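Participant: So here's model.txt (compact mmCIF, C-alpha atoms).
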# COMPACT_ATOMS: atom_id res chain seq x y z
CA MET A 1 16.23 -49.54 24.25
CA PRO A 2 16.65 -46.02 23.19
CA LEU A 3 15.53 -43.70 25.93
CA VAL A 4 15.12 -40.05 25.01
CA ASP A 5 14.73 -37.39 27.71
CA ILE A 6 13.36 -34.04 26.52
CA GLN A 7 14.06 -31.38 29.15
CA LEU A 8 12.08 -28.14 29.08
CA ILE A 9 11.30 -25.10 31.20
CA LYS A 10 7.84 -25.44 32.78
CA GLY A 11 5.22 -23.14 31.31
CA VAL A 12 6.71 -22.75 27.83
CA PHE A 13 4.92 -25.58 26.04
CA ASN A 14 1.32 -26.77 26.47
CA GLU A 15 0.08 -30.36 26.81
CA GLU A 16 -0.59 -30.61 23.08
CA GLN A 17 2.96 -29.54 22.17
CA LYS A 18 4.51 -31.92 24.67
CA ARG A 19 2.45 -34.81 23.27
CA GLU A 20 3.59 -33.80 19.79
CA MET A 21 7.23 -33.87 20.93
CA ILE A 22 6.81 -37.42 22.30
CA GLU A 23 5.16 -38.62 19.06
CA LYS A 24 7.44 -36.92 16.57
CA VAL A 25 10.74 -37.56 18.37
CA THR A 26 9.72 -41.25 18.60
CA ASP A 27 9.00 -41.30 14.85
CA THR A 28 12.36 -39.65 14.14
CA MET A 29 14.22 -42.20 16.25
CA VAL A 30 12.33 -45.11 14.64
CA SER A 31 13.18 -43.76 11.15
CA ILE A 32 16.87 -44.24 12.03
CA GLU A 33 16.84 -47.35 14.22
CA GLY A 34 14.20 -49.34 12.34
CA GLU A 35 10.48 -49.93 12.86
CA ALA A 36 11.13 -53.10 14.89
CA MET A 37 12.47 -50.92 17.70
CA ARG A 38 9.32 -48.81 18.15
CA GLY A 39 7.94 -50.77 21.11
CA VAL A 40 11.13 -50.33 23.13
CA THR A 41 11.65 -46.66 22.26
CA TRP A 42 10.84 -44.57 25.30
CA VAL A 43 10.56 -40.78 25.12
CA ARG A 44 9.97 -38.71 28.24
CA VAL A 45 9.34 -35.03 28.93
CA GLN A 46 10.84 -33.53 32.08
CA GLU A 47 10.36 -29.96 33.21
CA VAL A 48 12.59 -27.67 35.24
CA ALA A 49 10.89 -24.84 37.18
CA SER A 50 10.86 -21.41 35.51
CA GLY A 51 13.85 -19.41 36.77
CA GLU A 52 15.89 -22.50 37.70
CA TRP A 53 17.65 -22.95 34.33
CA GLY A 54 20.55 -20.50 34.03
CA ILE A 55 22.41 -19.55 30.87
CA GLY A 56 25.65 -17.71 31.55
CA GLY A 57 24.51 -17.34 35.16
CA LYS A 58 21.22 -15.58 34.30
CA PRO A 59 18.06 -17.50 35.25
CA LEU A 60 15.76 -18.07 32.29
CA THR A 61 12.02 -17.78 32.89
CA ALA A 62 9.18 -19.20 30.78
CA GLU A 63 8.33 -15.61 29.74
CA MET A 64 11.85 -14.99 28.45
CA VAL A 65 11.76 -18.18 26.38
CA LYS A 66 8.35 -17.24 24.93
CA ALA A 67 9.68 -13.82 23.95
CA MET A 68 12.65 -15.53 22.29
CA GLN A 69 10.31 -17.83 20.34
CA THR A 70 8.51 -14.92 18.79
CA GLY A 71 11.78 -13.13 18.10
CA GLY A 72 11.07 -10.71 20.94
CA MET B 1 29.02 -43.92 46.54
CA PRO B 2 26.39 -45.85 44.79
CA LEU B 3 23.57 -43.57 43.78
CA VAL B 4 20.36 -45.21 42.64
CA ASP B 5 17.66 -43.18 40.87
CA ILE B 6 14.22 -44.81 40.74
CA GLN B 7 12.10 -43.06 38.10
CA LEU B 8 8.31 -43.49 38.20
CA ILE B 9 5.14 -42.00 36.73
CA LYS B 10 3.47 -39.71 39.28
CA GLY B 11 0.27 -41.11 40.75
CA VAL B 12 1.04 -44.81 40.37
CA PHE B 13 2.66 -45.50 43.74
CA ASN B 14 1.73 -44.07 47.15
CA GLU B 15 4.07 -42.66 49.83
CA GLU B 16 4.26 -46.02 51.59
CA GLN B 17 5.33 -47.85 48.43
CA LYS B 18 7.93 -45.24 47.56
CA ARG B 19 9.41 -45.47 51.07
CA GLU B 20 9.45 -49.26 50.68
CA MET B 21 11.35 -48.90 47.37
CA ILE B 22 13.99 -46.69 49.03
CA GLU B 23 14.44 -49.15 51.92
CA LYS B 24 14.44 -52.39 49.95
CA VAL B 25 16.55 -51.20 47.01
CA THR B 26 19.11 -49.91 49.57
CA ASP B 27 19.12 -53.32 51.29
CA THR B 28 19.57 -55.07 47.92
CA MET B 29 22.51 -52.83 47.00
CA VAL B 30 24.11 -53.31 50.43
CA SER B 31 23.74 -57.12 50.13
CA ILE B 32 26.01 -56.93 47.06
CA GLU B 33 28.41 -54.11 47.94
CA GLY B 34 28.89 -54.90 51.64
CA GLU B 35 27.36 -53.51 54.84
CA ALA B 36 30.22 -50.98 55.22
CA MET B 37 28.82 -49.08 52.24
CA ARG B 38 25.32 -48.49 53.70
CA GLY B 39 25.99 -44.94 54.89
CA VAL B 40 27.10 -43.78 51.45
CA THR B 41 24.36 -45.57 49.51
CA TRP B 42 21.89 -42.98 48.26
CA VAL B 43 18.55 -44.00 46.72
CA ARG B 44 16.21 -41.38 45.28
CA VAL B 45 12.70 -41.46 43.82
CA GLN B 46 11.94 -39.11 40.92
CA GLU B 47 8.55 -38.78 39.27
CA VAL B 48 7.60 -37.84 35.71
CA ALA B 49 4.13 -36.31 35.19
CA SER B 50 1.38 -38.67 34.04
CA GLY B 51 1.17 -38.55 30.24
CA GLU B 52 4.77 -37.40 29.78
CA TRP B 53 6.38 -40.85 29.54
CA GLY B 54 5.87 -42.28 26.07
CA ILE B 55 6.36 -45.88 25.00
CA GLY B 56 6.43 -46.32 21.23
CA GLY B 57 5.18 -42.74 20.94
CA LYS B 58 2.05 -43.28 23.06
CA PRO B 59 1.92 -41.30 26.30
CA LEU B 60 1.45 -43.53 29.34
CA THR B 61 -0.83 -42.26 32.11
CA ALA B 62 -0.92 -43.34 35.75
CA GLU B 63 -4.30 -45.00 35.03
CA MET B 64 -2.84 -47.09 32.21
CA VAL B 65 -0.02 -48.30 34.44
CA LYS B 66 -2.48 -49.19 37.23
CA ALA B 67 -4.59 -51.19 34.76
CA MET B 68 -1.42 -52.97 33.62
CA GLN B 69 -0.51 -53.83 37.24
CA THR B 70 -3.79 -55.62 37.80
CA GLY B 71 -3.50 -57.38 34.45
CA GLY B 72 -6.16 -55.09 32.96
CA MET C 1 7.70 -47.94 33.25
CA PRO C 2 9.96 -47.86 36.22
CA LEU C 3 13.47 -46.99 35.17
CA VAL C 4 16.21 -47.51 37.73
CA ASP C 5 19.69 -46.03 37.20
CA ILE C 6 22.45 -47.50 39.37
CA GLN C 7 25.45 -45.17 39.35
CA LEU C 8 28.84 -46.52 40.41
CA ILE C 9 32.54 -45.64 40.32
CA LYS C 10 34.28 -47.59 37.55
CA GLY C 11 36.58 -50.35 38.77
CA VAL C 12 34.83 -51.08 42.08
CA PHE C 13 32.46 -53.84 40.96
CA ASN C 14 33.09 -56.63 38.45
CA GLU C 15 30.79 -57.80 35.63
CA GLU C 16 29.27 -60.51 37.81
CA GLN C 17 28.35 -58.04 40.57
CA LYS C 18 26.85 -55.57 38.11
CA ARG C 19 24.74 -58.33 36.56
CA GLU C 20 23.64 -59.30 40.08
CA MET C 21 22.62 -55.68 40.78
CA ILE C 22 20.48 -55.59 37.62
CA GLU C 23 18.77 -58.89 38.50
CA LYS C 24 18.19 -58.29 42.19
CA VAL C 25 17.14 -54.65 41.96
CA THR C 26 14.65 -55.68 39.25
CA ASP C 27 13.28 -58.42 41.53
CA THR C 28 13.00 -55.92 44.41
CA MET C 29 11.09 -53.45 42.25
CA VAL C 30 8.78 -56.19 40.92
CA SER C 31 8.06 -57.37 44.50
CA ILE C 32 6.58 -53.92 45.19
CA GLU C 33 5.00 -52.98 41.85
CA GLY C 34 3.62 -56.42 40.92
CA GLU C 35 4.81 -59.21 38.62
CA ALA C 36 2.84 -57.81 35.66
CA MET C 37 5.30 -54.89 35.52
CA ARG C 38 8.45 -57.01 35.08
CA GLY C 39 8.65 -56.62 31.27
CA VAL C 40 8.62 -52.83 31.46
CA THR C 41 11.03 -52.55 34.40
CA TRP C 42 14.36 -51.26 33.11
CA VAL C 43 17.47 -51.23 35.31
CA ARG C 44 20.73 -49.74 34.05
CA VAL C 45 24.26 -49.50 35.40
CA GLN C 46 26.22 -46.33 34.69
CA GLU C 47 29.82 -45.75 35.74
CA VAL C 48 31.67 -42.54 36.57
CA ALA C 49 35.48 -42.56 36.10
CA SER C 50 37.56 -43.19 39.22
CA GLY C 51 38.55 -39.84 40.73
CA GLU C 52 35.60 -37.96 39.21
CA TRP C 53 33.14 -38.48 42.06
CA GLY C 54 33.86 -36.06 44.88
CA ILE C 55 32.55 -36.24 48.44
CA GLY C 56 33.07 -33.02 50.40
CA GLY C 57 35.36 -31.87 47.58
CA LYS C 58 37.71 -34.88 47.80
CA PRO C 59 37.80 -37.09 44.69
CA LEU C 60 36.98 -40.72 45.48
CA THR C 61 38.94 -43.40 43.64
CA ALA C 62 38.01 -47.05 43.09
CA GLU C 63 40.81 -48.00 45.52
CA MET C 64 39.38 -45.80 48.27
CA VAL C 65 35.94 -47.37 47.86
CA LYS C 66 37.43 -50.88 47.98
CA ALA C 67 39.30 -50.03 51.19
CA MET C 68 36.02 -48.72 52.62
CA GLN C 69 34.24 -51.97 51.67
CA THR C 70 36.66 -54.07 53.70
CA GLY C 71 36.51 -51.63 56.61
CA GLY C 72 39.97 -50.32 55.70
CA MET D 1 28.97 -26.69 26.67
CA PRO D 2 29.36 -27.35 30.29
CA LEU D 3 26.04 -28.27 31.81
CA VAL D 4 25.84 -28.33 35.58
CA ASP D 5 22.87 -29.91 37.37
CA ILE D 6 22.44 -28.96 41.03
CA GLN D 7 20.11 -31.44 42.71
CA LEU D 8 18.45 -30.49 46.00
CA ILE D 9 15.67 -31.56 48.33
CA LYS D 10 12.61 -29.32 47.87
CA GLY D 11 11.97 -26.94 50.74
CA VAL D 12 15.53 -26.60 52.00
CA PHE D 13 16.64 -23.57 50.00
CA ASN D 14 14.64 -20.48 49.08
CA GLU D 15 14.44 -18.73 45.68
CA GLU D 16 17.22 -16.33 46.61
CA GLN D 17 19.62 -19.12 47.55
CA LYS D 18 18.87 -21.07 44.40
CA ARG D 19 19.52 -17.99 42.26
CA GLU D 20 22.77 -17.51 44.16
CA MET D 21 23.77 -21.13 43.41
CA ILE D 22 23.15 -20.59 39.67
CA GLU D 23 25.20 -17.38 39.63
CA LYS D 24 28.11 -18.50 41.77
CA VAL D 25 28.49 -21.98 40.32
CA THR D 26 28.51 -20.38 36.84
CA ASP D 27 31.24 -17.95 37.97
CA THR D 28 33.26 -20.83 39.43
CA MET D 29 33.02 -22.83 36.21
CA VAL D 30 33.95 -19.78 34.10
CA SER D 31 36.99 -19.11 36.33
CA ILE D 32 38.32 -22.55 35.28
CA GLU D 33 37.13 -22.86 31.67
CA GLY D 34 37.71 -19.26 30.59
CA GLU D 35 35.44 -16.22 30.22
CA ALA D 36 34.75 -17.03 26.53
CA MET D 37 32.69 -20.03 27.66
CA ARG D 38 30.22 -18.07 29.83
CA GLY D 39 27.46 -17.89 27.22
CA VAL D 40 27.37 -21.66 26.75
CA THR D 41 27.61 -22.53 30.43
CA TRP D 42 24.24 -23.79 31.61
CA VAL D 43 23.48 -24.36 35.30
CA ARG D 44 20.18 -25.84 36.40
CA VAL D 45 18.53 -26.50 39.76
CA GLN D 46 16.42 -29.64 40.10
CA GLU D 47 14.50 -30.61 43.21
CA VAL D 48 13.53 -34.00 44.60
CA ALA D 49 10.47 -34.14 46.88
CA SER D 50 11.12 -34.12 50.62
CA GLY D 51 11.25 -37.72 51.87
CA GLU D 52 12.21 -39.16 48.48
CA TRP D 53 15.99 -38.93 48.88
CA GLY D 54 17.26 -41.80 51.02
CA ILE D 55 20.66 -42.07 52.68
CA GLY D 56 21.41 -45.57 53.94
CA GLY D 57 17.75 -46.42 53.32
CA LYS D 58 16.39 -43.64 55.56
CA PRO D 59 14.34 -40.98 53.75
CA LEU D 60 15.70 -37.48 54.31
CA THR D 61 13.16 -34.68 54.75
CA ALA D 62 13.68 -30.94 54.29
CA GLU D 63 13.36 -30.56 58.08
CA MET D 64 16.16 -33.04 58.72
CA VAL D 65 18.46 -31.21 56.32
CA LYS D 66 17.67 -27.87 57.95
CA ALA D 67 18.48 -29.29 61.39
CA MET D 68 21.76 -30.60 59.96
CA GLN D 69 22.60 -27.15 58.55
CA THR D 70 22.34 -25.53 61.97
CA GLY D 71 24.28 -28.36 63.57
CA GLY D 72 21.09 -29.73 65.17
CA MET E 1 22.37 -34.00 50.09
CA PRO E 2 23.21 -31.66 47.33
CA LEU E 3 24.41 -33.60 44.33
CA VAL E 4 26.05 -31.60 41.57
CA ASP E 5 26.69 -33.17 38.15
CA ILE E 6 29.18 -31.31 35.95
CA GLN E 7 28.81 -32.49 32.35
CA LEU E 8 31.64 -31.88 29.89
CA ILE E 9 32.85 -32.93 26.46
CA LYS E 10 35.67 -35.48 26.77
CA GLY E 11 39.10 -34.12 25.84
CA VAL E 12 38.50 -30.47 26.67
CA PHE E 13 39.68 -30.39 30.28
CA ASN E 14 42.61 -32.26 31.85
CA GLU E 15 42.65 -34.20 35.13
CA GLU E 16 43.94 -31.18 37.04
CA GLN E 17 41.09 -28.95 35.79
CA LYS E 18 38.45 -31.56 36.57
CA ARG E 19 39.81 -31.94 40.11
CA GLU E 20 39.72 -28.16 40.44
CA MET E 21 36.06 -28.12 39.33
CA ILE E 22 35.14 -30.72 41.98
CA GLU E 23 36.95 -28.76 44.72
CA LYS E 24 35.79 -25.27 43.81
CA VAL E 25 32.18 -26.12 42.99
CA THR E 26 32.00 -27.94 46.36
CA ASP E 27 33.38 -24.84 48.12
CA THR E 28 30.87 -22.63 46.30
CA MET E 29 27.95 -24.87 47.32
CA VAL E 30 29.19 -25.02 50.93
CA SER E 31 29.47 -21.20 51.04
CA ILE E 32 25.69 -21.06 50.38
CA GLU E 33 24.39 -24.11 52.22
CA GLY E 34 26.65 -23.90 55.30
CA GLU E 35 29.85 -25.69 56.33
CA ALA E 36 27.91 -28.42 58.17
CA MET E 37 26.75 -29.75 54.78
CA ARG E 38 30.24 -30.32 53.34
CA GLY E 39 30.37 -34.04 54.10
CA VAL E 40 27.13 -34.76 52.25
CA THR E 41 27.89 -32.53 49.26
CA TRP E 42 28.68 -34.73 46.28
CA VAL E 43 30.08 -33.29 43.05
CA ARG E 44 30.64 -35.51 40.01
CA VAL E 45 32.19 -34.99 36.59
CA GLN E 46 30.62 -36.82 33.65
CA GLU E 47 31.92 -36.69 30.09
CA VAL E 48 30.11 -37.03 26.77
CA ALA E 49 32.18 -38.25 23.79
CA SER E 50 33.54 -35.56 21.45
CA GLY E 51 31.07 -35.07 18.58
CA GLU E 52 28.06 -36.39 20.54
CA TRP E 53 26.95 -33.05 22.00
CA GLY E 54 25.04 -31.06 19.40
CA ILE E 55 24.17 -27.37 19.54
CA GLY E 56 21.57 -26.36 16.98
CA GLY E 57 22.04 -29.78 15.35
CA LYS E 58 25.80 -29.36 14.81
CA PRO E 59 28.01 -31.81 16.71
CA LEU E 60 30.56 -30.06 18.90
CA THR E 61 34.03 -31.60 19.12
CA ALA E 62 36.68 -31.08 21.80
CA GLU E 63 38.72 -29.14 19.22
CA MET E 64 35.87 -26.73 18.53
CA VAL E 65 35.42 -26.05 22.25
CA LYS E 66 39.16 -25.44 22.68
CA ALA E 67 39.14 -22.98 19.79
CA MET E 68 36.16 -21.24 21.43
CA GLN E 69 38.05 -21.01 24.76
CA THR E 70 40.91 -19.13 23.17
CA GLY E 71 38.53 -16.90 21.26
CA GLY E 72 39.32 -18.82 18.04
CA MET F 1 16.75 -24.24 26.36
CA PRO F 2 15.47 -27.56 25.32
CA LEU F 3 18.02 -30.23 26.15
CA VAL F 4 17.45 -33.65 24.65
CA ASP F 5 19.42 -36.67 25.89
CA ILE F 6 19.38 -39.71 23.60
CA GLN F 7 20.51 -42.77 25.54
CA LEU F 8 21.70 -45.83 23.63
CA ILE F 9 23.54 -49.12 24.15
CA LYS F 10 27.16 -48.80 22.97
CA GLY F 11 27.92 -50.68 19.77
CA VAL F 12 24.43 -50.64 18.25
CA PHE F 13 24.67 -47.46 16.18
CA ASN F 14 27.65 -46.14 14.22
CA GLU F 15 29.00 -42.58 14.15
CA GLU F 16 26.95 -41.73 11.07
CA GLN F 17 23.68 -42.84 12.69
CA LYS F 18 24.42 -40.96 15.90
CA ARG F 19 25.14 -37.78 13.92
CA GLU F 20 21.86 -38.33 12.07
CA MET F 21 20.01 -38.65 15.39
CA ILE F 22 21.47 -35.34 16.61
CA GLU F 23 20.52 -33.54 13.38
CA LYS F 24 17.04 -34.98 12.91
CA VAL F 25 15.94 -34.83 16.53
CA THR F 26 17.06 -31.16 16.58
CA ASP F 27 15.02 -30.49 13.43
CA THR F 28 11.99 -32.22 14.97
CA MET F 29 12.25 -30.14 18.14
CA VAL F 30 12.69 -26.91 16.14
CA SER F 31 9.60 -27.75 14.02
CA ILE F 32 7.54 -27.64 17.25
CA GLU F 33 9.27 -24.92 19.27
CA GLY F 34 10.01 -22.50 16.41
CA GLU F 35 13.10 -21.76 14.33
CA ALA F 36 14.22 -18.99 16.70
CA MET F 37 15.03 -21.66 19.29
CA ARG F 38 17.51 -23.61 17.13
CA GLY F 39 20.66 -22.04 18.61
CA VAL F 40 19.71 -22.99 22.16
CA THR F 41 18.51 -26.50 21.34
CA TRP F 42 21.05 -28.98 22.62
CA VAL F 43 20.88 -32.68 21.72
CA ARG F 44 23.33 -35.17 23.21
CA VAL F 45 24.02 -38.86 22.71
CA GLN F 46 24.99 -40.91 25.74
CA GLU F 47 25.91 -44.58 25.66
CA VAL F 48 25.54 -47.30 28.29
CA ALA F 49 27.94 -50.28 28.06
CA SER F 50 26.60 -53.39 26.35
CA GLY F 51 25.17 -55.74 28.98
CA GLU F 52 24.50 -52.96 31.52
CA TRP F 53 20.95 -52.12 30.39
CA GLY F 54 18.50 -54.66 31.79
CA ILE F 55 14.92 -55.22 30.69
CA GLY F 56 12.93 -57.35 33.11
CA GLY F 57 16.24 -58.19 34.84
CA LYS F 58 17.90 -59.59 31.70
CA PRO F 59 20.96 -57.66 30.49
CA LEU F 60 20.62 -56.51 26.90
CA THR F 61 23.73 -56.65 24.72
CA ALA F 62 24.44 -54.75 21.50
CA GLU F 63 24.11 -58.07 19.61
CA MET F 64 20.63 -58.70 21.02
CA VAL F 65 19.49 -55.24 19.96
CA LYS F 66 20.90 -55.72 16.46
CA ALA F 67 19.07 -59.05 16.13
CA MET F 68 15.90 -57.28 17.27
CA GLN F 69 16.39 -54.54 14.62
CA THR F 70 16.42 -57.07 11.81
CA GLY F 71 13.46 -58.92 13.28
CA GLY F 72 15.78 -61.67 14.55
Render the structure in this file as C-alpha cells.
Facilitator:
Amino acid sequence: MPLVDIQLIKGVFNEEQKREMIEKVTDTMVSIEGEAMRGVTWVRVQEVASGEWGIGGKPLTAEMVKAMQTGG
Amino acid sequence: MPLVDIQLIKGVFNEEQKREMIEKVTDTMVSIEGEAMRGVTWVRVQEVASGEWGIGGKPLTAEMVKAMQTGG
Amino acid sequence: MPLVDIQLIKGVFNEEQKREMIEKVTDTMVSIEGEAMRGVTWVRVQEVASGEWGIGGKPLTAEMVKAMQTGG
Amino acid sequence: MPLVDIQLIKGVFNEEQKREMIEKVTDTMVSIEGEAMRGVTWVRVQEVASGEWGIGGKPLTAEMVKAMQTGG
Amino acid sequence: MPLVDIQLIKGVFNEEQKREMIEKVTDTMVSIEGEAMRGVTWVRVQEVASGEWGIGGKPLTAEMVKAMQTGG
Amino acid sequence: MPLVDIQLIKGVFNEEQKREMIEKVTDTMVSIEGEAMRGVTWVRVQEVASGEWGIGGKPLTAEMVKAMQTGG
C-alpha cells in the first residue's frame, strides 16, 4: 500500500541518483512498516520542468538548485 | 465533478489504448454516477518515465511491464 | 503498475457506489491492459470536502451535484 | 506551506504566460494568507500531453483549447 | 481545462478564506487564459492534517503556521 | 525543492510512526541531495480512507494491511 511520490525539478539529479532515491526511500519505509510490506511499497519519481516550480513567486531553475546544493 | 487520473509508465500503451482508457473509464463512471454527469466527468492520462516507478525498490521499465502483460 | 485516482466531492456517493467504482474501473483497465496486470492495478477513491471544489470560481456542494444528477 | 499546482494541457500557454501564472497566483495567495507566508508559498505548473485530458470522454487537444479561448 | 489544486494545512484558514482563495485564484487564472475559459477552470482546496506536513523533517502544525503569519 | 508525498491507508500507522516517516524520509533524501537542501525538502503524509484503496479491484482495509504486516 504505501505509495511515495518524489517530486523533483528536471535536470537536477541524474539517473543514478533517482534510482538511489527509489531504493533508499523504499528501504526507509520498509524499516518502519515492516519487511512484509516491501512488495506493495511503491516509490515513484516525478519531474517538473525547470522554471515551472516557483518559490515565493520566483521560478526555480535546475541551475539555481545546483548552485544551492553546493552552497553557491 | 469526478476527476479520474490514470497513471501509467511511458512506453507501455500506445495512443489508441490511451484514448480507449479515457473513453471507457468515462463510460464506467457515467454508468454509476448518471448520464447527467458526463459533461463534468474529466479523465486524464499521466505518464511516469520508464524506470522511475519502483515496486519494492526495484525500478520498473516499460519492457518489464510488457513482458508481464504477455505472461513473460 | 497502473494507478487510477478517482476524485469525488464528499457526500455525493455512498460506500456501495464507491466500491462499485473501484471494481468496475479496475475491470475496465484490465480489459485494455490484459488480465495479467490485474494484481498490480491499483484504484483509489479520494474525496474533497463539499464546497472546496470550485467550477468557474463557484464552490460546488454535494447538494448541487446531487441536484445535477437528477437533472435538477 | 501552501502548495499550489496549476495543471494545464501542453502547448496551450507559452513560457511567458506560465511565468505570469506562477507570479500572479503567488501574489493572490499572499494577499489572503499574509505577506509573511510568501517565502513558503510554492506554485508549480504541470502539463498533461495534448489529447490526454478527456472531458465527457472526448480527448481535448491544445488546438481545441486555443479555439475555445478565442471563442471559436 | 486548467485545474488548480491549492494544498493547505487543516486549521490554518477558515471557510471564508478558502472560498476567497477559490474565487480569486480563478479570477487570476481567467485574467491570463481569457474569459472564455472561466467555465472550465476548476480550483480545488485540499487539506493535509496538522503535523503531517514536514519542512526539513520537522512537522508543521496549524499553530506554527498561524504564529508565522503574524510574524511570531 | 524536493517534495515527497507519502500516501497511506488511514488507521494503519499511528502518529509516532507517521512522524518517524517524515523525519527518516527527509534524512534519506538529504543524504542523496546534500545537506544544503534540507530546508527546502518537504515531506507530507496523506491518508486515504480504509476501504477506498483497491488492489486488483478488491478494497483494502486498515485491518487487512495490519494482518499483512504481521504475516497474517
Participant: Restricting the calculation to only C-alpha atoms: of E:Ile32, E:Ala67, E:Ala49, E:Val4, which residue gets closest to chain C?
Facilitator: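 When distances to chain C are compared using only C-alpha atoms, the smallest one comes from E:Val4.
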Participant: Might you pull out every residue within 9 Å of Gly39 (chain E), with all atoms listed in the file counted and same-chain residues fewer than 4 positions away left off, and present them as number ranges by chain?
Facilitator: C: 55-57; E: 1, 35
Participant: Please give chain E as a PDB file with C-alpha atoms, in the coordinates of the input, after it has been superposed on chain D by least squares over all Cα atoms paired in order.
Facilitator:
ATOM      1  CA  MET E   1      28.948 -26.687  26.671  1.00  0.00           C
ATOM      2  CA  PRO E   2      29.353 -27.356  30.303  1.00  0.00           C
ATOM      3  CA  LEU E   3      26.026 -28.280  31.811  1.00  0.00           C
ATOM      4  CA  VAL E   4      25.838 -28.330  35.589  1.00  0.00           C
ATOM      5  CA  ASP E   5      22.855 -29.915  37.365  1.00  0.00           C
ATOM      6  CA  ILE E   6      22.456 -28.966  41.031  1.00  0.00           C
ATOM      7  CA  GLN E   7      20.112 -31.439  42.727  1.00  0.00           C
ATOM      8  CA  LEU E   8      18.450 -30.482  46.006  1.00  0.00           C
ATOM      9  CA  ILE E   9      15.661 -31.558  48.329  1.00  0.00           C
ATOM     10  CA  LYS E  10      12.602 -29.329  47.855  1.00  0.00           C
ATOM     11  CA  GLY E  11      11.965 -26.935  50.743  1.00  0.00           C
ATOM     12  CA  VAL E  12      15.529 -26.599  51.990  1.00  0.00           C
ATOM     13  CA  PHE E  13      16.661 -23.565  50.003  1.00  0.00           C
ATOM     14  CA  ASN E  14      14.649 -20.460  49.079  1.00  0.00           C
ATOM     15  CA  GLU E  15      14.444 -18.738  45.686  1.00  0.00           C
ATOM     16  CA  GLU E  16      17.208 -16.305  46.618  1.00  0.00           C
ATOM     17  CA  GLN E  17      19.618 -19.127  47.557  1.00  0.00           C
ATOM     18  CA  LYS E  18      18.862 -21.083  44.396  1.00  0.00           C
ATOM     19  CA  ARG E  19      19.519 -17.987  42.272  1.00  0.00           C
ATOM     20  CA  GLU E  20      22.776 -17.509  44.161  1.00  0.00           C
ATOM     21  CA  MET E  21      23.780 -21.121  43.407  1.00  0.00           C
ATOM     22  CA  ILE E  22      23.147 -20.605  39.670  1.00  0.00           C
ATOM     23  CA  GLU E  23      25.195 -17.376  39.636  1.00  0.00           C
ATOM     24  CA  LYS E  24      28.111 -18.506  41.775  1.00  0.00           C
ATOM     25  CA  VAL E  25      28.493 -21.997  40.329  1.00  0.00           C
ATOM     26  CA  THR E  26      28.510 -20.392  36.847  1.00  0.00           C
ATOM     27  CA  ASP E  27      31.240 -17.963  37.969  1.00  0.00           C
ATOM     28  CA  THR E  28      33.259 -20.836  39.442  1.00  0.00           C
ATOM     29  CA  MET E  29      33.016 -22.847  36.204  1.00  0.00           C
ATOM     30  CA  VAL E  30      33.938 -19.787  34.111  1.00  0.00           C
ATOM     31  CA  SER E  31      36.988 -19.129  36.335  1.00  0.00           C
ATOM     32  CA  ILE E  32      38.312 -22.573  35.271  1.00  0.00           C
ATOM     33  CA  GLU E  33      37.119 -22.873  31.684  1.00  0.00           C
ATOM     34  CA  GLY E  34      37.706 -19.250  30.603  1.00  0.00           C
ATOM     35  CA  GLU E  35      35.423 -16.226  30.219  1.00  0.00           C
ATOM     36  CA  ALA E  36      34.743 -17.017  26.542  1.00  0.00           C
ATOM     37  CA  MET E  37      32.677 -20.028  27.669  1.00  0.00           C
ATOM     38  CA  ARG E  38      30.226 -18.063  29.839  1.00  0.00           C
ATOM     39  CA  GLY E  39      27.465 -17.880  27.236  1.00  0.00           C
ATOM     40  CA  VAL E  40      27.370 -21.647  26.745  1.00  0.00           C
ATOM     41  CA  THR E  41      27.619 -22.523  30.441  1.00  0.00           C
ATOM     42  CA  TRP E  42      24.249 -23.795  31.613  1.00  0.00           C
ATOM     43  CA  VAL E  43      23.501 -24.363  35.299  1.00  0.00           C
ATOM     44  CA  ARG E  44      20.180 -25.859  36.403  1.00  0.00           C
ATOM     45  CA  VAL E  45      18.541 -26.501  39.760  1.00  0.00           C
ATOM     46  CA  GLN E  46      16.420 -29.638  40.111  1.00  0.00           C
ATOM     47  CA  GLU E  47      14.503 -30.602  43.238  1.00  0.00           C
ATOM     48  CA  VAL E  48      13.530 -34.008  44.604  1.00  0.00           C
ATOM     49  CA  ALA E  49      10.455 -34.142  46.880  1.00  0.00           C
ATOM     50  CA  SER E  50      11.118 -34.114  50.638  1.00  0.00           C
ATOM     51  CA  GLY E  51      11.273 -37.720  51.882  1.00  0.00           C
ATOM     52  CA  GLU E  52      12.215 -39.179  48.471  1.00  0.00           C
ATOM     53  CA  TRP E  53      15.995 -38.927  48.882  1.00  0.00           C
ATOM     54  CA  GLY E  54      17.266 -41.779  51.031  1.00  0.00           C
ATOM     55  CA  ILE E  55      20.677 -42.053  52.671  1.00  0.00           C
ATOM     56  CA  GLY E  56      21.438 -45.538  53.939  1.00  0.00           C
ATOM     57  CA  GLY E  57      17.773 -46.416  53.330  1.00  0.00           C
ATOM     58  CA  LYS E  58      16.405 -43.621  55.548  1.00  0.00           C
ATOM     59  CA  PRO E  59      14.343 -40.969  53.755  1.00  0.00           C
ATOM     60  CA  LEU E  60      15.694 -37.471  54.302  1.00  0.00           C
ATOM     61  CA  THR E  61      13.165 -34.667  54.744  1.00  0.00           C
ATOM     62  CA  ALA E  62      13.682 -30.925  54.286  1.00  0.00           C
ATOM     63  CA  GLU E  63      13.364 -30.552  58.073  1.00  0.00           C
ATOM     64  CA  MET E  64      16.159 -33.037  58.722  1.00  0.00           C
ATOM     65  CA  VAL E  65      18.470 -31.211  56.307  1.00  0.00           C
ATOM     66  CA  LYS E  66      17.676 -27.859  57.945  1.00  0.00           C
ATOM     67  CA  ALA E  67      18.462 -29.292  61.370  1.00  0.00           C
ATOM     68  CA  MET E  68      21.751 -30.615  59.945  1.00  0.00           C
ATOM     69  CA  GLN E  69      22.607 -27.148  58.543  1.00  0.00           C
ATOM     70  CA  THR E  70      22.338 -25.547  61.949  1.00  0.00           C
ATOM     71  CA  GLY E  71      24.283 -28.364  63.551  1.00  0.00           C
ATOM     72  CA  GLY E  72      21.040 -29.746  65.051  1.00  0.00           C
TER      73      GLY E  72
END
Participant: Counting all atoms listed in the file, write as a ChimeraX atom specification all protein and nucleic acid residues lying at most 6 Å from (16.4, -30.7, 45.2) in the file's frame.
Facilitator: /D:7-10,46-48
Participant: Output C-alpha atoms of each residue in that selection to a file, as a compact mmCIF listing (two decimals), in the coordinates of the input.
Facilitator:
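Generated output (result.txt):
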# COMPACT_ATOMS: atom_id res chain seq x y z
CA GLN D 7 20.11 -31.44 42.71
CA LEU D 8 18.45 -30.49 46.00
CA ILE D 9 15.67 -31.56 48.33
CA LYS D 10 12.61 -29.32 47.87
CA GLN D 46 16.42 -29.64 40.10
CA GLU D 47 14.50 -30.61 43.21
CA VAL D 48 13.53 -34.00 44.60
